$ cat coords.cif   # mmCIF, C-alpha atoms
data_data
loop_
_atom_site.group_PDB
_atom_site.id
_atom_site.type_symbol
_atom_site.label_atom_id
_atom_site.label_comp_id
_atom_site.auth_asym_id
_atom_site.auth_seq_id
_atom_site.Cartn_x
_atom_site.Cartn_y
_atom_site.Cartn_z
ATOM 1 C CA MET A 289 0.000 0.000 0.000
ATOM 2 C CA ALA A 290 1.430 3.350 -1.036
ATOM 3 C CA LEU A 291 0.761 6.533 0.923
ATOM 4 C CA HIS A 292 -0.720 8.117 -2.186
ATOM 5 C CA ASP A 293 -3.395 5.404 -2.424
ATOM 6 C CA TYR A 294 -5.932 7.773 -0.910
ATOM 7 C CA TYR A 295 -9.395 6.893 0.319
ATOM 8 C CA THR A 296 -12.393 9.050 1.142
ATOM 9 C CA LEU A 297 -12.761 9.866 4.831
ATOM 10 C CA GLY A 298 -16.373 9.019 5.640
ATOM 11 C CA ARG A 299 -18.806 11.190 3.725
ATOM 12 C CA SER A 300 -16.611 14.288 4.032
ATOM 13 C CA GLY A 301 -15.175 14.107 0.524
ATOM 14 C CA LEU A 302 -11.658 14.416 1.955
ATOM 15 C CA ARG A 303 -9.146 12.080 0.313
ATOM 16 C CA VAL A 304 -6.545 10.966 2.821
ATOM 17 C CA SER A 305 -3.663 8.517 3.098
ATOM 18 C CA ARG A 306 -4.541 5.173 4.661
ATOM 19 C CA LEU A 307 -1.576 5.554 6.988
ATOM 20 C CA ALA A 308 -1.524 8.668 9.155
ATOM 21 C CA LEU A 309 1.650 10.181 10.565
ATOM 22 C CA GLY A 310 1.387 10.064 14.357
ATOM 23 C CA THR A 311 3.116 12.984 16.058
ATOM 24 C CA MET A 312 2.804 12.034 19.717
ATOM 25 C CA THR A 313 6.603 11.802 19.960
ATOM 26 C CA PHE A 314 7.255 15.262 18.473
ATOM 27 C CA GLY A 315 8.820 17.111 21.421
ATOM 28 C CA THR A 316 10.883 16.248 24.492
ATOM 29 C CA GLU A 317 9.049 18.232 27.186
ATOM 30 C CA LEU A 318 7.837 15.083 28.936
ATOM 31 C CA GLY A 319 11.315 13.561 29.173
ATOM 32 C CA TRP A 320 11.050 11.425 26.018
ATOM 33 C CA GLY A 321 10.354 11.906 22.312
ATOM 34 C CA THR A 322 12.148 13.437 19.354
ATOM 35 C CA ASP A 323 13.929 16.737 18.964
ATOM 36 C CA GLU A 324 12.775 19.223 16.324
ATOM 37 C CA ASP A 325 15.281 18.201 13.644
ATOM 38 C CA THR A 326 14.350 14.519 13.945
ATOM 39 C CA ALA A 327 10.638 15.362 13.914
ATOM 40 C CA ARG A 328 11.132 17.487 10.792
ATOM 41 C CA ARG A 329 12.940 14.606 9.045
ATOM 42 C CA LEU A 330 10.099 12.201 9.939
ATOM 43 C CA PHE A 331 7.503 14.688 8.693
ATOM 44 C CA ASN A 332 9.393 15.393 5.458
ATOM 45 C CA THR A 333 9.886 11.677 4.773
ATOM 46 C CA TYR A 334 6.153 11.119 5.206
ATOM 47 C CA VAL A 335 5.030 13.968 2.933
ATOM 48 C CA GLU A 336 7.679 13.188 0.300
ATOM 49 C CA ALA A 337 6.103 9.724 0.120
ATOM 50 C CA ARG A 338 2.848 11.659 -0.577
ATOM 51 C CA GLY A 339 1.221 11.121 2.804
ATOM 52 C CA ASN A 340 -1.298 13.820 3.718
ATOM 53 C CA PHE A 341 -2.978 12.778 7.002
ATOM 54 C CA VAL A 342 -1.320 13.886 10.247
ATOM 55 C CA ASP A 343 -2.517 12.928 13.737
ATOM 56 C CA THR A 344 -1.772 15.520 16.417
ATOM 57 C CA ALA A 345 -3.186 16.808 19.689
ATOM 58 C CA ASP A 346 -2.583 19.653 22.097
ATOM 59 C CA LEU A 347 -1.716 17.068 24.766
ATOM 60 C CA TYR A 348 1.207 15.653 22.798
ATOM 61 C CA ALA A 349 4.386 17.029 24.436
ATOM 62 C CA ASN A 350 2.360 19.835 26.038
ATOM 63 C CA GLY A 351 1.449 21.318 22.658
ATOM 64 C CA THR A 352 4.871 21.115 21.015
ATOM 65 C CA SER A 353 3.606 18.472 18.588
ATOM 66 C CA GLU A 354 0.955 20.823 17.210
ATOM 67 C CA GLU A 355 3.339 23.791 17.081
ATOM 68 C CA TRP A 356 5.989 21.865 15.172
ATOM 69 C CA THR A 357 3.478 20.182 12.865
ATOM 70 C CA GLY A 358 2.043 23.597 11.965
ATOM 71 C CA LYS A 359 5.547 24.949 11.428
ATOM 72 C CA PHE A 360 6.524 22.010 9.179
ATOM 73 C CA ILE A 361 3.339 22.382 7.133
ATOM 74 C CA ALA A 362 3.996 26.118 6.716
ATOM 75 C CA GLU A 363 7.615 25.506 5.686
ATOM 76 C CA ARG A 364 6.378 23.330 2.841
ATOM 77 C CA GLY A 365 3.527 25.673 1.881
ATOM 78 C CA TRP A 366 1.065 22.829 2.480
ATOM 79 C CA ARG A 367 -1.685 24.600 4.379
ATOM 80 C CA LEU A 368 -4.496 23.407 2.104
ATOM 81 C CA ASP A 369 -2.933 20.079 1.118
ATOM 82 C CA THR A 370 -2.688 18.448 4.550
ATOM 83 C CA VAL A 371 -5.448 16.949 6.685
ATOM 84 C CA ARG A 372 -4.839 17.154 10.424
ATOM 85 C CA GLY A 373 -6.633 14.735 12.709
ATOM 86 C CA VAL A 374 -6.922 16.526 16.044
ATOM 87 C CA GLN A 375 -7.795 14.638 19.220
ATOM 88 C CA ASN A 376 -10.992 15.434 21.134
ATOM 89 C CA PRO A 377 -10.258 17.118 24.494
ATOM 90 C CA ALA A 378 -13.451 15.684 26.038
ATOM 91 C CA PHE A 379 -11.447 12.812 27.519
ATOM 92 C CA GLN A 380 -8.858 15.021 29.226
ATOM 93 C CA LYS A 381 -8.678 15.183 32.981
ATOM 94 C CA VAL A 382 -10.016 18.538 34.083
ATOM 95 C CA THR A 383 -7.483 20.330 36.272
ATOM 96 C CA GLU A 384 -8.763 23.883 35.921
ATOM 97 C CA ARG A 385 -12.205 25.392 35.714
ATOM 98 C CA ASN A 386 -13.033 28.103 33.167
#
$ encode --input "coords.cif" --output "structure tokens"
Amino acid sequence: MALHDYYTLGRSGLRVSRLALGTMTFGTELGWGTDEDTARRLFNTYVEARGNFVDTADLYANGTSEEWTGKFIAERGWRLDTVRGVQNPAFQKVTERN
């Protein structure tokens, strides 16, 4: 299966790679994970293979994953060519009240 063998995501009309790039390890704030240069190489390898579906969340490395993913997308000029799957915060432990 090639990353550019896209399929339609539900009834949305979005055509995405069957294999998403998981970015949970982008950042070292939690004492583990990848540094920015390594994360950039992983991201670039994925998109050069024509992958277009990136999984990220604000919880991953305290937000670093989303910051770097956005930065990498911007560096490539891919704003409209990448689908980001963002995790639902409904399952987070509530530590502060609004």
$ atom_distance --input "coords.cif" --atom1 "atom CA of Glu363 of chain A" --atom2 "atom CA of Phe341 of chain A"
16.6 Å
$ residues_around --input "coords.cif" --residues "Phe360 of chain A" --least-positions-apart "6" --cutoff "10 Å" --atoms "only C-alpha atoms" --output "list of chain:residue names"
A:Glu324, A:Ala327, A:Arg328, A:Arg329, A:Phe331, A:Asn332, A:Glu354, A:Trp366, A:Arg367
$ axis_aligned_box --input "coords.cif" --around "segment 348-366 of chain A" --padding-each-side "3 Å" --output "AutoDock Vina command-line options"
--center_x 4.3 --center_y 20.9 --center_z 14.0 --size_x 12.7 --size_y 16.5 --size_z 30.2
$ closest_residue --input "coords.cif" --among "A:Thr357, A:Ala349, A:Leu291, A:Arg364" --to "Trp320 of chain A" --atoms "only C-alpha atoms"
A:Ala349
$ atom_distance --input "coords.cif" --atom1 "atom CA of Val335 of chain A" --atom2 "atom CA of Thr316 of chain A"
22.5 Å
$ atom_distance --input "coords.cif" --atom1 "atom CA of Gly315 of chain A" --atom2 "atom CA of Ala362 of chain A"
17.9 Å
$ closest_residue --input "coords.cif" --among "A:Tyr348, A:Val342, A:Thr333, A:Ile361" --to "Leu307 of chain A" --atoms "all atoms listed in the file"
A:Val342
$ resolve_selection --input "coords.cif" --expression "the PyMOL selection byres ((chain A and resi 305) around 8)" --output "number ranges by chain"
A: 291-295, 303-304, 306-308, 339-341
$ closest_residue --input "coords.cif" --among "A:Leu330, A:Thr311, A:Thr296, A:Ala290" --to "Asp346 of chain A" --atoms "only C-alpha atoms"
A:Thr311
$ closest_residue --input "coords.cif" --among "A:Leu309, A:Asp325, A:Lys359, A:Gly301" --to "Ala337 of chain A" --atoms "only C-alpha atoms"
A:Leu309
$ residues_near_point --input "coords.cif" --point "(1.6, 11.0, 20.2)" --cutoff "9 Å" --atoms "all atoms listed in the file" --output "list in words"
Gly310, Thr311, Met312, Thr313, Phe314, Asp343, Thr344, Ala345, Leu347, Tyr348, Ala349 and Ser353 of chain A
$ closest_residue --input "coords.cif" --among "A:Arg338, A:Asp323, A:Gly365, A:Glu317" --to "Gly351 of chain A" --atoms "all atoms listed in the file"
A:Glu317
$ decode --input "coords.cif" --residues "segment 332-345 of chain A" --atoms "N, CA and C atoms" --output "PDB file, in the first residue's frame"
ATOM      1  N   ASN A 332       9.021  15.235   6.869  1.00  0.00           N
ATOM      2  CA  ASN A 332       9.393  15.393   5.458  1.00  0.00           C
ATOM      3  C   ASN A 332       9.414  14.056   4.731  1.00  0.00           C
ATOM      4  N   THR A 333       9.892  13.008   5.380  1.00  0.00           N
ATOM      5  CA  THR A 333       9.886  11.677   4.773  1.00  0.00           C
ATOM      6  C   THR A 333       8.464  11.240   4.453  1.00  0.00           C
ATOM      7  N   TYR A 334       7.562  11.482   5.392  1.00  0.00           N
ATOM      8  CA  TYR A 334       6.153  11.119   5.206  1.00  0.00           C
ATOM      9  C   TYR A 334       5.527  11.884   4.032  1.00  0.00           C
ATOM     10  N   VAL A 335       5.688  13.195   3.996  1.00  0.00           N
ATOM     11  CA  VAL A 335       5.030  13.968   2.933  1.00  0.00           C
ATOM     12  C   VAL A 335       5.710  13.761   1.581  1.00  0.00           C
ATOM     13  N   GLU A 336       7.005  13.476   1.572  1.00  0.00           N
ATOM     14  CA  GLU A 336       7.679  13.188   0.300  1.00  0.00           C
ATOM     15  C   GLU A 336       7.205  11.859  -0.284  1.00  0.00           C
ATOM     16  N   ALA A 337       6.710  10.975   0.586  1.00  0.00           N
ATOM     17  CA  ALA A 337       6.103   9.724   0.120  1.00  0.00           C
ATOM     18  C   ALA A 337       4.633   9.939  -0.243  1.00  0.00           C
ATOM     19  N   ARG A 338       4.187  11.204  -0.197  1.00  0.00           N
ATOM     20  CA  ARG A 338       2.848  11.659  -0.577  1.00  0.00           C
ATOM     21  C   ARG A 338       1.778  11.364   0.465  1.00  0.00           C
ATOM     22  N   GLY A 339       2.190  11.222   1.722  1.00  0.00           N
ATOM     23  CA  GLY A 339       1.221  11.121   2.804  1.00  0.00           C
ATOM     24  C   GLY A 339       0.626  12.492   3.077  1.00  0.00           C
ATOM     25  N   ASN A 340      -0.642  12.523   3.496  1.00  0.00           N
ATOM     26  CA  ASN A 340      -1.298  13.820   3.718  1.00  0.00           C
ATOM     27  C   ASN A 340      -2.179  13.867   4.967  1.00  0.00           C
ATOM     28  N   PHE A 341      -2.078  12.867   5.843  1.00  0.00           N
ATOM     29  CA  PHE A 341      -2.978  12.778   7.002  1.00  0.00           C
ATOM     30  C   PHE A 341      -2.129  12.709   8.269  1.00  0.00           C
ATOM     31  N   VAL A 342      -2.181  13.760   9.075  1.00  0.00           N
ATOM     32  CA  VAL A 342      -1.320  13.886  10.247  1.00  0.00           C
ATOM     33  C   VAL A 342      -2.173  13.894  11.512  1.00  0.00           C
ATOM     34  N   ASP A 343      -1.836  13.013  12.450  1.00  0.00           N
ATOM     35  CA  ASP A 343      -2.517  12.928  13.737  1.00  0.00           C
ATOM     36  C   ASP A 343      -1.744  13.743  14.763  1.00  0.00           C
ATOM     37  N   THR A 344      -2.414  14.691  15.406  1.00  0.00           N
ATOM     38  CA  THR A 344      -1.772  15.520  16.417  1.00  0.00           C
ATOM     39  C   THR A 344      -2.783  15.876  17.495  1.00  0.00           C
ATOM     40  N   ALA A 345      -2.299  16.403  18.592  1.00  0.00           N
ATOM     41  CA  ALA A 345      -3.186  16.808  19.689  1.00  0.00           C
ATOM     42  C   ALA A 345      -2.453  17.808  20.571  1.00  0.00           C
TER      43      ALA A 345
END
